[in-house]
Structures are given as C-alpha cells and as structure tokens.
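Asks: My structure file data.cif, mmCIF, C-alpha atoms and all ligand atoms, is below:
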```
data_model
loop_
_atom_site.label_atom_id
_atom_site.label_comp_id
_atom_site.auth_asym_id
_atom_site.auth_seq_id
_atom_site.Cartn_x
_atom_site.Cartn_y
_atom_site.Cartn_z
CA MET A 1 -30.66 -3.10 9.80
CA ALA A 2 -33.14 -1.32 12.14
CA HIS A 3 -30.88 -2.26 15.03
CA PHE A 4 -27.93 -0.70 13.18
CA PHE A 5 -29.70 2.65 12.59
CA THR A 6 -30.97 2.78 16.19
CA ARG A 7 -27.41 2.28 17.44
CA VAL A 8 -26.10 5.01 15.10
CA LEU A 9 -28.82 7.47 16.18
CA LYS A 10 -28.29 6.68 19.86
CA ALA A 11 -24.56 7.18 19.53
CA LEU A 12 -25.00 10.49 17.72
CA CYS A 13 -27.90 11.99 19.70
CA GLY A 14 -26.45 10.76 22.97
CA SER A 15 -23.45 12.96 22.43
CA PRO A 16 -24.00 16.35 20.73
CA LEU A 17 -20.44 17.26 21.67
CA ARG A 18 -19.19 14.40 19.52
CA ILE A 19 -21.18 15.69 16.51
CA LEU A 20 -19.75 19.16 17.02
CA LEU A 21 -16.24 17.77 17.32
CA LEU A 22 -16.72 15.57 14.25
CA PHE A 23 -17.91 18.65 12.31
CA PHE A 24 -14.76 20.59 13.28
CA VAL A 25 -12.49 17.64 12.49
CA VAL A 26 -14.04 17.32 9.00
CA LEU A 27 -13.81 21.10 8.46
CA PHE A 28 -10.19 21.24 9.63
CA ARG A 29 -9.20 18.22 7.52
CA SER A 30 -10.85 19.71 4.41
CA CYS A 31 -9.03 23.06 4.83
CA GLN A 32 -5.78 21.21 5.48
CA ALA A 33 -6.25 19.09 2.34
CA VAL A 34 -6.92 22.17 0.16
CA CYS A 35 -3.87 24.05 1.53
CA LEU A 36 -1.58 21.03 1.14
CA ARG A 37 -2.80 20.47 -2.41
CA VAL A 38 -1.94 24.05 -3.36
CA LEU A 39 1.48 23.90 -1.64
CA ARG A 40 2.34 20.53 -3.15
CA ALA A 41 1.33 21.60 -6.64
CA GLU A 42 4.00 24.32 -6.38
CA ARG A 43 6.70 21.97 -5.10
CA ARG A 44 6.10 19.14 -7.60
CA LYS A 45 9.12 17.02 -8.34
CA SER A 46 9.87 14.91 -11.38
CA VAL A 47 10.72 11.20 -11.59
CA SER A 48 12.68 11.78 -14.75
CA GLY A 49 16.15 10.16 -14.65
CA GLU A 50 15.40 8.15 -11.49
CA THR A 51 16.45 4.54 -10.86
CA VAL A 52 13.39 2.73 -9.55
CA LEU A 53 13.26 -0.67 -7.85
CA ILE A 54 9.81 -2.27 -7.68
CA THR A 55 9.21 -5.49 -5.73
CA GLY A 56 6.39 -7.80 -6.85
CA ALA A 57 6.60 -6.41 -10.37
CA SER A 58 5.70 -9.56 -12.29
CA ARG A 59 1.98 -8.72 -12.40
CA GLY A 60 -0.87 -6.68 -10.93
CA ILE A 61 -0.10 -3.29 -9.38
CA GLY A 62 3.69 -3.83 -9.63
CA ARG A 63 3.53 -4.33 -13.40
CA CYS A 64 1.44 -1.14 -13.84
CA LEU A 65 3.88 0.77 -11.60
CA ALA A 66 6.80 -0.28 -13.81
CA LEU A 67 5.04 0.88 -16.98
CA GLU A 68 3.88 4.10 -15.35
CA PHE A 69 7.33 5.04 -13.99
CA ALA A 70 8.76 4.41 -17.48
CA LYS A 71 6.06 6.61 -19.02
CA HIS A 72 6.94 9.42 -16.59
CA GLY A 73 10.62 9.39 -17.58
CA ALA A 74 12.41 7.14 -15.06
CA SER A 75 15.69 6.11 -16.69
CA THR A 76 16.13 2.66 -15.13
CA ILE A 77 13.48 0.29 -13.83
CA VAL A 78 14.47 -2.75 -11.77
CA LEU A 79 11.82 -5.46 -11.42
CA TRP A 80 11.79 -8.03 -8.63
CA GLY A 81 9.63 -11.13 -8.29
CA ARG A 82 9.84 -14.91 -8.31
CA ASP A 83 8.24 -15.74 -11.66
CA GLU A 84 11.02 -15.10 -14.21
CA GLU A 85 8.81 -15.71 -17.24
CA LYS A 86 6.37 -13.01 -16.16
CA LEU A 87 9.18 -10.65 -15.13
CA SER A 88 10.77 -11.05 -18.54
CA SER A 89 7.48 -10.24 -20.25
CA VAL A 90 7.04 -7.07 -18.12
CA GLN A 91 10.66 -6.13 -18.93
CA LYS A 92 9.81 -6.34 -22.66
CA GLU A 93 6.67 -4.23 -22.18
CA VAL A 94 8.62 -1.55 -20.30
CA GLU A 95 11.41 -1.41 -22.88
CA GLU A 96 8.94 -1.28 -25.76
CA SER A 97 6.97 1.48 -24.07
CA GLY A 98 9.73 4.11 -24.15
CA LYS A 99 13.29 4.99 -23.30
CA ALA A 100 13.71 3.37 -19.88
CA ARG A 101 16.27 0.59 -19.38
CA CYS A 102 14.73 -2.34 -17.56
CA HIS A 103 16.34 -5.19 -15.60
CA PHE A 104 14.76 -8.02 -13.68
CA TYR A 105 15.98 -10.16 -10.80
CA ARG A 106 14.50 -13.25 -9.23
CA CYS A 107 14.19 -12.54 -5.51
CA ASP A 108 11.97 -13.94 -2.79
CA VAL A 109 11.49 -10.87 -0.60
CA GLY A 110 10.45 -13.10 2.30
CA ASP A 111 14.05 -14.35 2.51
CA ARG A 112 16.23 -11.72 4.22
CA GLU A 113 19.61 -13.02 2.98
CA GLN A 114 18.28 -13.23 -0.59
CA VAL A 115 17.14 -9.61 -0.36
CA TYR A 116 20.56 -8.42 0.89
CA ARG A 117 22.39 -10.48 -1.80
CA THR A 118 20.15 -9.28 -4.63
CA ILE A 119 20.34 -5.62 -3.56
CA ARG A 120 24.15 -5.83 -3.67
CA LYS A 121 23.96 -7.31 -7.19
CA VAL A 122 21.52 -4.60 -8.34
CA GLN A 123 23.75 -1.84 -6.96
CA GLU A 124 26.77 -3.32 -8.80
CA ASP A 125 24.77 -3.58 -12.04
CA VAL A 126 22.80 -0.32 -12.14
CA GLY A 127 24.16 1.87 -9.33
CA ALA A 128 22.20 3.48 -6.51
CA ILE A 129 18.44 3.04 -6.26
CA THR A 130 16.77 6.44 -5.96
CA ILE A 131 13.14 5.29 -5.66
CA LEU A 132 12.20 2.07 -3.88
CA VAL A 133 8.65 0.74 -4.18
CA ASN A 134 7.88 -2.05 -1.71
CA ASN A 135 4.89 -3.58 -3.46
CA ALA A 136 5.22 -7.40 -3.20
CA GLY A 137 2.43 -8.90 -1.17
CA VAL A 138 0.61 -12.10 -0.44
CA VAL A 139 -2.71 -13.13 1.10
CA HIS A 140 -3.49 -16.51 2.62
CA GLY A 141 -6.40 -15.65 4.88
CA GLY A 142 -9.14 -17.78 6.40
CA THR A 143 -10.53 -17.58 9.89
CA LEU A 144 -7.89 -17.61 12.65
CA LEU A 145 -8.47 -21.23 13.69
CA GLU A 146 -8.29 -22.38 10.07
CA MET A 147 -5.04 -20.54 9.30
CA LYS A 148 -1.87 -22.56 8.93
CA ASP A 149 0.97 -21.27 11.14
CA ASP A 150 3.39 -21.34 8.18
CA ASN A 151 1.03 -19.14 6.16
CA ILE A 152 0.78 -16.60 8.98
CA GLU A 153 4.57 -16.39 9.12
CA ASP A 154 4.82 -16.13 5.33
CA THR A 155 2.34 -13.24 5.34
CA PHE A 156 4.46 -11.29 7.81
CA ARG A 157 7.74 -12.14 6.05
CA VAL A 158 6.46 -10.91 2.65
CA ASN A 159 4.05 -8.11 3.59
CA THR A 160 5.94 -6.60 6.52
CA LEU A 161 9.50 -7.75 7.20
CA SER A 162 10.60 -7.46 3.56
CA HIS A 163 10.02 -3.68 3.79
CA PHE A 164 12.62 -3.52 6.58
CA TRP A 165 15.25 -5.49 4.60
CA THR A 166 14.87 -3.61 1.30
CA THR A 167 14.66 -0.18 2.96
CA LYS A 168 17.68 -0.87 5.20
CA SER A 169 19.62 -1.82 2.07
CA VAL A 170 18.89 1.25 -0.05
CA LEU A 171 18.59 3.97 2.60
CA PRO A 172 22.36 4.45 3.18
CA SER A 173 23.00 5.46 -0.45
CA MET A 174 19.88 7.67 -0.47
CA LEU A 175 21.09 9.50 2.64
CA ALA A 176 24.65 9.78 1.29
CA ASN A 177 23.42 11.21 -2.04
CA GLY A 178 20.83 13.46 -0.38
CA ARG A 179 18.14 12.11 -2.72
CA GLY A 180 15.61 9.31 -2.45
CA HIS A 181 12.03 8.19 -1.98
CA VAL A 182 10.76 5.05 -0.25
CA VAL A 183 7.22 3.99 -1.16
CA GLY A 184 5.22 1.25 0.54
CA ILE A 185 2.10 -0.26 -0.96
CA ALA A 186 0.10 -0.98 2.20
CA SER A 187 -3.71 -1.13 2.06
CA THR A 188 -6.89 0.31 3.53
CA LEU A 189 -6.71 -2.92 5.51
CA GLY A 190 -3.78 -1.28 7.28
CA LEU A 191 -6.32 1.21 8.65
CA PHE A 192 -9.46 -0.78 9.38
CA PRO A 193 -10.26 -4.44 9.98
CA LEU A 194 -11.88 -7.10 7.80
CA PRO A 195 -12.95 -10.55 9.01
CA GLY A 196 -11.36 -13.53 7.27
CA VAL A 197 -7.94 -12.01 6.63
CA SER A 198 -6.63 -11.12 10.10
CA ASP A 199 -3.07 -12.18 9.18
CA TYR A 200 -3.10 -9.90 6.14
CA VAL A 201 -4.73 -7.03 8.05
CA ALA A 202 -2.22 -7.29 10.91
CA SER A 203 0.69 -7.33 8.44
CA LYS A 204 -0.66 -4.17 6.75
CA PHE A 205 -1.34 -2.34 10.06
CA SER A 206 2.33 -3.06 10.89
CA VAL A 207 3.53 -1.73 7.58
CA VAL A 208 1.53 1.51 7.97
CA GLY A 209 3.20 1.92 11.37
CA PHE A 210 6.60 1.27 9.81
CA TYR A 211 6.23 4.07 7.24
CA GLU A 212 4.74 6.54 9.73
CA SER A 213 7.68 5.93 12.08
CA LEU A 214 10.30 5.96 9.33
CA ALA A 215 8.99 9.31 8.06
CA ALA A 216 9.10 10.74 11.59
CA GLU A 217 12.59 9.34 12.16
CA LEU A 218 14.01 10.83 8.96
CA ARG A 219 12.42 14.17 9.69
CA GLU A 220 13.76 14.09 13.27
CA GLN A 221 17.27 13.39 11.92
CA GLY A 222 16.95 16.32 9.50
CA HIS A 223 16.92 14.19 6.30
CA ARG A 224 14.33 16.20 4.43
CA ASP A 225 15.69 15.14 1.03
CA VAL A 226 14.65 11.51 1.50
CA SER A 227 10.87 11.11 1.34
CA VAL A 228 8.48 8.42 2.48
CA THR A 229 5.06 7.59 1.02
CA CYS A 230 2.63 4.99 2.30
CA MET A 231 -0.12 4.06 -0.16
CA CYS A 232 -3.33 2.63 1.30
CA PRO A 233 -5.46 1.44 -1.62
CA GLY A 234 -8.75 -0.35 -1.15
CA HIS A 235 -9.80 -3.43 -3.08
CA THR A 236 -8.03 -3.55 -6.44
CA THR A 237 -8.97 -5.77 -9.38
CA THR A 238 -5.89 -8.00 -9.56
CA ASP A 239 -5.45 -11.73 -8.93
CA MET A 240 -4.87 -11.19 -5.21
CA PHE A 241 -8.49 -10.62 -4.12
CA LYS A 242 -10.25 -11.74 -7.28
CA ASP A 243 -12.92 -13.58 -5.29
CA LEU A 244 -14.23 -10.29 -3.85
CA THR A 245 -16.62 -9.64 -6.69
CA THR A 246 -19.18 -7.29 -5.19
CA GLN A 247 -16.88 -4.51 -4.05
CA PRO A 248 -18.62 -1.15 -4.49
CA PHE A 249 -15.45 0.98 -4.64
CA SER A 250 -12.91 -1.20 -6.44
CA LEU A 251 -9.85 0.34 -8.06
CA THR A 252 -7.93 -0.84 -11.12
CA PRO A 253 -4.18 -1.52 -10.75
CA GLN A 254 -3.63 1.26 -13.29
CA GLN A 255 -5.41 3.77 -11.00
CA VAL A 256 -3.26 2.71 -8.04
CA ALA A 257 -0.09 3.07 -10.14
CA GLU A 258 -1.09 6.54 -11.41
CA GLN A 259 -1.92 7.76 -7.91
CA THR A 260 1.37 6.36 -6.60
CA ILE A 261 3.41 8.36 -9.15
CA GLU A 262 1.34 11.44 -8.29
CA ALA A 263 2.05 10.86 -4.57
CA VAL A 264 5.79 10.57 -5.26
CA LYS A 265 5.81 13.74 -7.38
CA THR A 266 3.94 15.68 -4.70
CA ASN A 267 5.71 14.08 -1.73
CA GLN A 268 2.56 12.83 -0.02
CA ARG A 269 3.18 10.89 3.16
CA ARG A 270 0.00 8.84 3.19
CA VAL A 271 -2.58 8.29 0.47
CA ILE A 272 -5.91 6.54 1.05
CA LEU A 273 -7.72 5.32 -2.07
CA PRO A 274 -10.43 5.71 -3.14
CA ARG A 275 -10.82 9.04 -1.32
CA ILE A 276 -14.22 8.01 0.06
CA MET A 277 -12.35 5.56 2.30
CA HIS A 278 -11.20 8.57 4.38
CA LEU A 279 -14.81 8.72 5.51
CA THR A 280 -14.87 5.02 6.38
CA TRP A 281 -11.73 5.50 8.41
CA THR A 282 -13.06 8.55 10.28
CA LEU A 283 -16.46 6.96 10.90
CA ASN A 284 -14.76 3.84 12.19
CA SER A 285 -13.35 5.76 15.11
CA TRP A 286 -16.59 7.66 15.78
CA LEU A 287 -19.42 5.19 15.33
CA PRO A 288 -20.21 2.03 17.29
CA GLY A 289 -18.22 -1.00 16.15
CA SER A 290 -21.28 -2.66 14.61
CA TRP A 291 -21.72 -0.02 11.87
CA MET A 292 -18.95 -1.46 9.72
CA ARG A 293 -20.25 -5.01 10.10
CA ASN A 294 -23.65 -3.78 8.89
CA ALA A 295 -22.06 -1.89 5.99
CA LEU A 296 -20.24 -5.06 5.00
CA TYR A 297 -23.52 -7.05 5.08
CA VAL A 298 -25.46 -4.40 3.14
CA THR A 299 -22.84 -4.14 0.38
CA GLY A 300 -22.42 -7.92 0.08
CA ALA A 301 -18.75 -7.69 1.12
CA MET A 302 -19.35 -10.02 4.10
CA LYS A 303 -20.72 -12.74 1.81
CA ASP A 304 -17.66 -12.26 -0.39
CA MET A 305 -15.36 -12.71 2.59
CA GLU A 306 -17.21 -15.89 3.62
CA ASN A 307 -16.65 -17.30 0.11
CA PHE A 308 -13.04 -16.12 0.23
CA CYS A 309 -12.46 -17.98 3.52
CA ALA A 310 -14.26 -21.10 2.28
CA LYS A 311 -11.75 -21.35 -0.58
CA ARG A 312 -8.67 -21.18 1.67
N1 LIG B 1 -5.43 -6.40 -4.76
C1 LIG B 1 -5.87 -5.63 -3.80
O1 LIG B 1 -7.09 -5.57 -3.54
C2 LIG B 1 -4.94 -4.77 -3.03
C3 LIG B 1 -3.58 -5.03 -2.97
N2 LIG B 1 -2.78 -4.26 -2.20
C4 LIG B 1 -1.35 -4.54 -2.10
O2 LIG B 1 -0.73 -4.22 -3.33
C5 LIG B 1 0.42 -5.02 -3.51
C6 LIG B 1 0.37 -5.67 -4.89
O3 LIG B 1 -0.76 -6.52 -4.93
P1 LIG B 1 -1.49 -7.00 -6.27
O4 LIG B 1 -0.81 -6.45 -7.45
O5 LIG B 1 -2.92 -6.80 -6.06
O6 LIG B 1 -1.22 -8.57 -6.13
P2 LIG B 1 -0.81 -9.69 -7.18
O7 LIG B 1 -1.11 -10.98 -6.51
O8 LIG B 1 -1.37 -9.40 -8.51
O9 LIG B 1 0.79 -9.50 -7.27
C7 LIG B 1 1.59 -9.75 -6.17
C8 LIG B 1 3.03 -9.54 -6.57
O10 LIG B 1 3.85 -9.80 -5.43
C9 LIG B 1 4.85 -10.73 -5.78
N3 LIG B 1 5.24 -11.59 -4.67
C10 LIG B 1 4.43 -12.31 -3.85
N4 LIG B 1 5.16 -12.99 -2.97
C11 LIG B 1 6.46 -12.68 -3.22
C12 LIG B 1 7.70 -13.06 -2.64
N5 LIG B 1 7.77 -13.91 -1.60
N6 LIG B 1 8.84 -12.54 -3.15
C13 LIG B 1 8.79 -11.68 -4.18
N7 LIG B 1 7.67 -11.29 -4.78
C14 LIG B 1 6.52 -11.78 -4.30
C15 LIG B 1 4.28 -11.54 -6.93
O11 LIG B 1 5.33 -11.96 -7.77
P3 LIG B 1 5.77 -13.49 -8.02
O12 LIG B 1 4.56 -14.32 -7.99
O13 LIG B 1 6.50 -13.42 -9.33
O14 LIG B 1 6.71 -13.77 -6.90
C16 LIG B 1 3.47 -10.48 -7.67
O15 LIG B 1 4.26 -9.79 -8.59
C17 LIG B 1 0.43 -6.01 -2.36
O16 LIG B 1 1.29 -5.57 -1.35
C18 LIG B 1 -1.00 -5.99 -1.86
O17 LIG B 1 -1.08 -6.34 -0.49
C19 LIG B 1 -3.25 -3.19 -1.51
C20 LIG B 1 -4.57 -2.89 -1.54
C21 LIG B 1 -5.52 -3.64 -2.30
C1 LIG B 2 -15.11 -1.77 5.41
C2 LIG B 2 -16.11 -1.13 4.51
C3 LIG B 2 -16.27 -1.54 3.24
C4 LIG B 2 -15.49 -2.66 2.68
C5 LIG B 2 -14.22 -2.61 2.40
C6 LIG B 2 -13.49 -3.73 1.88
C7 LIG B 2 -14.12 -5.06 1.71
C8 LIG B 2 -12.19 -3.50 1.56
C9 LIG B 2 -11.31 -4.46 1.03
C10 LIG B 2 -10.04 -4.08 0.84
C11 LIG B 2 -9.03 -4.95 0.37
C12 LIG B 2 -9.35 -6.30 -0.16
C13 LIG B 2 -7.75 -4.50 0.44
C14 LIG B 2 -6.61 -5.25 0.09
O1 LIG B 2 -5.49 -4.91 0.46
C15 LIG B 2 -17.31 -0.96 2.37
C16 LIG B 2 -18.27 -2.06 2.04
C17 LIG B 2 -16.68 -0.41 1.12
C18 LIG B 2 -18.10 0.17 2.98
C19 LIG B 2 -17.83 0.62 4.25
C20 LIG B 2 -16.92 -0.09 5.12
#
```
Can you give me the file's structure in the form of structure tokens?
Replies:
Amino acid sequence: MAHFFTRVLKALCGSPLRILLLFFVVLFRSCQAVCLRVLRAERRKSVSGETVLITGASRGIGRCLALEFAKHGASTIVLWGRDEEKLSSVQKEVEESGKARCHFYRCDVGDREQVYRTIRKVQEDVGAITILVNNAGVVHGGTLLEMKDDNIEDTFRVNTLSHFWTTKSVLPSMLANGRGHVVGIASTLGLFPLPGVSDYVASKFSVVGFYESLAAELREQGHRDVSVTCMCPGHTTTDMFKDLTTQPFSLTPQQVAEQTIEAVKTNQRRVILPRIMHLTWTLNSWLPGSWMRNALYVTGAMKDMENFCAKR
C-alpha cells in the first residue's frame, strides 16, 4: 500500500504540468457534459412505435431491456437467444406488461449464416428493424495459459463478430428509411483491463472500437438519422459474473436497461456506468500502471478474480 501511495505522489509531484493538464481536462469534460445534457434534453426522441431486436434476451440485461422497451412504448419486440424455454417466458412477460407485440427466435449469434438466415426471417415476419440492441455475450476467462483455444474463439464470435453480422443485416433498411439506432452492450472492460478475463476484455475493447468507427463512418457519409450508442456498464448482478461478489460499484440489470433507453432517447454515443468509472478511466491514463492493481487488491476485486479463474 505504502509503495502504491509513494508511486502516486512521485508521479504527481514529479510533473506539476500533468496536474494542471488533468485539472483542465476534468474542467473541460464537466462543462462539455453539462452543455450536452442540456442540448440532448431538448432533442429527446421517443421509442414509441419502434421495432426493436434484442440479442441475448433470454435473461439478464437482455430480458430487462425487452421489458423496458415495451414499457416505453416500442410496438414490436424481437427476442433472440438459444434457450427457447427462457425466451418464451420473457415473451409472455413482455406481452403481459403492456401493448407491445413480442416474437422470439432461436439464433446462435456466433454463427454468421444463422444470423443472416434469422434476420431475413424476422424481416419477413415483422418488417424492418428500427432499433438493434447487440447484447448477447459470453465469458469463459481464466489465465491465458489455462484458456482453451475454442473458448477464445467463441468469445470473439459471440462478443465481437456477431455485432458485425447483425449490424450489416439491418443497416441497409435503416439507411433506406432514414431512421434507425444501433446499440452495443460493451463493458467498462472495453476501456480498461482486468486480469483473468483477457479474452473477454479484448473482445470488448474491439467492440468499443467497432461502435466508435461505425459512428464516425455514418457521420462522414452524412447519415445523421441513423444513430449509434455504445454502452459500457461495469459489473452487473446477472449470472455472467456472479462469482464477483465484492464489487463496490455493481449495477443491477434493470439500471443498465433504464440507462440504455435513456441513451437511445438522448442519442448518446458512449455511456460509461456507473458514472464514477469515468474517473477510473481517466486515472488509468494518468497514473502509474500499478495504481489499478492496488485498487483491485484493496477492494477485494483481485481475490474475486482469482476465485473466478480457479473455477474455469
Ligand atoms: N454481467 C456483467 O457484469 C456485465 C455484462 N455486460 C455485457 O452485457 C451483455 C449481457 O450480459 P448479462 O445479461 O450480464 O449476461 P447473461 O449471462 O445473464 O446473459 C447473456 C445472454 O446472452 C445470450 N447468449 C450467450 N451466448 C449466445 C449465443 N452464442 N447466441 C445467442 N445468444 C447468446 C444468452 O442467451 P442463451 O443462453 O439463451 O443463448 C443470454 O440471454 C453481455 O454482452 C455482457 O458482456 C457488460 C458489462 C457488465
Ligand atoms: C478496475 C477498478 C475496479 C474494478 C472494476 C471491476 C472489477 C470491474 C468489473 C467489470 C465487469 C465484470 C464487467 C463486465 O463486463 C474498482 C475496484 C471498482 C476500482 C478501481 C479500479
């Protein structure tokens, strides 16, 4: 611990210019956030009447997203996943919760041809998708030398490549109709590292890059009516990371779903949750690499990750 604080002090005192710069960055970012909030509040859009496709909707964040979109007036919700029993139960919940029509399809998003086939079927059945939420995800994890090659490939197929296949499939109709929103559920682990899940982290860094580039590409091509949002939530209390028990800033899947709808309505390009993680992200590029390792030890997160790896 003492070593950690000495390193932090040395890094800060050794470079007063850095402190000054950090101060201006924080000040600028805060002003920018306030201005954007005011502007976005004025240009709020509605999700009423939209046709929403959510991948990985059989449980966790995907299930909450389906219910939340229905609550906010979406007219059709399309659920994708592999577990038909669970999908059917979410379909019932959505239909019972209000006026939205709800359909489900069995689709392994890691299989490109299956994605293309299922999208065609969905478009025949319900018409054009106007909001796509790429939420399906998987974690295998373990230390690099323990990881199975097949699991590494599966992680990239589900967490990264699937976003390309689904987005390529729905984007043409969005561009033709001049209306659409593509949402990716990435992670804070698409912004900073965590030992024990390097496959997952790398797949999420890739996906953050995908959305950043897609947003820039659409803007460059003048398609301002098709929006892109990349959600970066931190640890969330679903089955996926249930072994991480000592997380100090955990979110519920309901919170992630609510913030996602808010981000769609206000056209936010990137959302980091909880907000305090902005600080982690900024500090990560300003402080010596060891600070995060120490923070992970102090909060018990490192122990959690060791247990997580041991169970792989
Ligand atoms: N939990 C967390 O701490 C965080 C999660 N996230 C991200 O949020 C997203 C949702 O995660 P969360 O709800 O927590 O996880 P869950 O494990 O609860 O749910 C994962 C969902 O993805 C689906 N899925 C997994 N593999 C496939 C596949 N090959 N084809 C189709 N569907 C698949 C599962 O459906 P089925 O089993 O029916 O196929 C399930 O519906 C993921 O992208 C995750 O990386 C982001 C930040 C934090
Ligand atoms: C890095 C870091 C932390 C840990 C973050 C963790 C452990 C995040 C896990 C996120 C997950 C599991 C995302 C899934 O997609 C603390 C301790 C909050 C404090 C400061 C730095």
Asks: Give me the chain A side of the contact with ligand LIG 1 (chain B), cut-off 7 Å, one line per residue showing its nearest atom pair and distance in Å at one decimal, counting all atoms listed in the file, sorted by chain and residue number, as a tab-separated table.
Replies:
```
residue	atom	partner	partner_atom	distance
A:Thr55	CA	B:LIG1	N7	6.1
A:Gly56	CA	B:LIG1	O15	3.4
A:Ala57	CA	B:LIG1	O15	4.5
A:Ser58	CA	B:LIG1	O15	4.0
A:Arg59	CA	B:LIG1	O15	4.6
A:Gly60	CA	B:LIG1	O4	3.5
A:Ile61	CA	B:LIG1	O4	3.8
A:Gly62	CA	B:LIG1	O4	5.6
A:Trp80	CA	B:LIG1	C13	6.5
A:Gly81	CA	B:LIG1	O13	4.0
A:Arg82	CA	B:LIG1	O14	3.6
A:Asp83	CA	B:LIG1	O13	3.7
A:Glu84	CA	B:LIG1	O13	6.9
A:Lys86	CA	B:LIG1	O13	6.8
A:Leu87	CA	B:LIG1	O13	7.0
A:Cys107	CA	B:LIG1	C13	5.6
A:Asp108	CA	B:LIG1	N6	3.4
A:Val109	CA	B:LIG1	N6	4.0
A:Gly110	CA	B:LIG1	N5	4.8
A:Asn135	CA	B:LIG1	O16	4.6
A:Ala136	CA	B:LIG1	O10	3.6
A:Gly137	CA	B:LIG1	O16	3.5
A:Val138	CA	B:LIG1	C10	5.1
A:Val158	CA	B:LIG1	N5	5.4
A:Asn159	CA	B:LIG1	O16	6.2
A:Ile185	CA	B:LIG1	O16	5.4
A:Ala186	CA	B:LIG1	C19	5.5
A:Ser187	CA	B:LIG1	C20	4.1
A:Thr188	CA	B:LIG1	C20	6.4
A:Cys232	CA	B:LIG1	C20	6.3
A:Pro233	CA	B:LIG1	C20	4.4
A:Gly234	CA	B:LIG1	C21	4.8
A:His235	CA	B:LIG1	O1	3.5
A:Thr236	CA	B:LIG1	O1	3.7
A:Thr237	CA	B:LIG1	N1	5.9
A:Thr238	CA	B:LIG1	O5	4.7
A:Asp239	CA	B:LIG1	O8	4.7
A:Met240	CA	B:LIG1	O7	4.0
A:Phe241	CA	B:LIG1	N1	5.3
A:Pro253	CA	B:LIG1	O4	6.8
```
Asks: Do you know which residues are at most 9 Å from A:Ile261 counting only C-alpha atoms, after dropping those on the same chain fewer than 4 positions away, and could you put them as a list in words?
Replies: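 Counting only C-alpha atoms, the residues come to Val47, Leu65, Glu68, Phe69, His72, Val256, Ala257, Lys265 and Thr266 of chain A.
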Asks: With 6 Å on each side, where is the centre of the axis-aligned box around all listed atoms of ligand LIG 2 (chain B), and how long are its edges in Å to one decimal, as AutoDock Vina command-line options?
Replies:
```
--center_x -11.9 --center_y -2.8 --center_z 2.6 --size_x 24.8 --size_y 18.9 --size_z 17.6
```
Asks: Skip A:Cys102 itself and residues of its chain fewer than 6 positions away, then list as number ranges by chain all residues within 8 Å of it, counting all atoms listed in the file.
Replies: A: 76-79, 91, 94-95
Asks: Residues at most 8 Å from ligand LIG 2 (chain B), using all atoms listed in the file? Could they come as a ChimeraX atom specification?
Replies: /A:186-190,192-194,200-201,204,232-236,241,244,247-249,277,280,292-293,295-302,305
Asks: Work out how far apart atom CA of A:Ser89 and atom CA of A:Thr51 are and give it in Å to one decimal.
Replies: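 Taking atom CA of A:Ser89 as the start and atom CA of A:Thr51 as the end point, the length is 19.7 Å.
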Asks: Write out as number ranges by chain each polymer residue whose atoms come within 12 Å of A:Gly141, counting all atoms listed in the file; drop sequence neighbours fewer than 4 positions from it.
Replies: A: 145-155, 194-203, 240-241, 305-312
Asks: Between A:Phe24, A:Ser227, A:Asn284, A:Ser169, which one has atoms that come closest to A:Gln114, using all atoms listed in the file?
Replies: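 Ranking A:Phe24, A:Ser227, A:Asn284, A:Ser169 by distance to A:Gln114, first place goes to A:Ser169.
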Asks: Kindly indicate which residue among A:Leu283, A:Val25, A:Ala263, A:Leu273 lies nearest to A:Ser250, using only C-alpha atoms for the distances.
Replies: A:Leu273
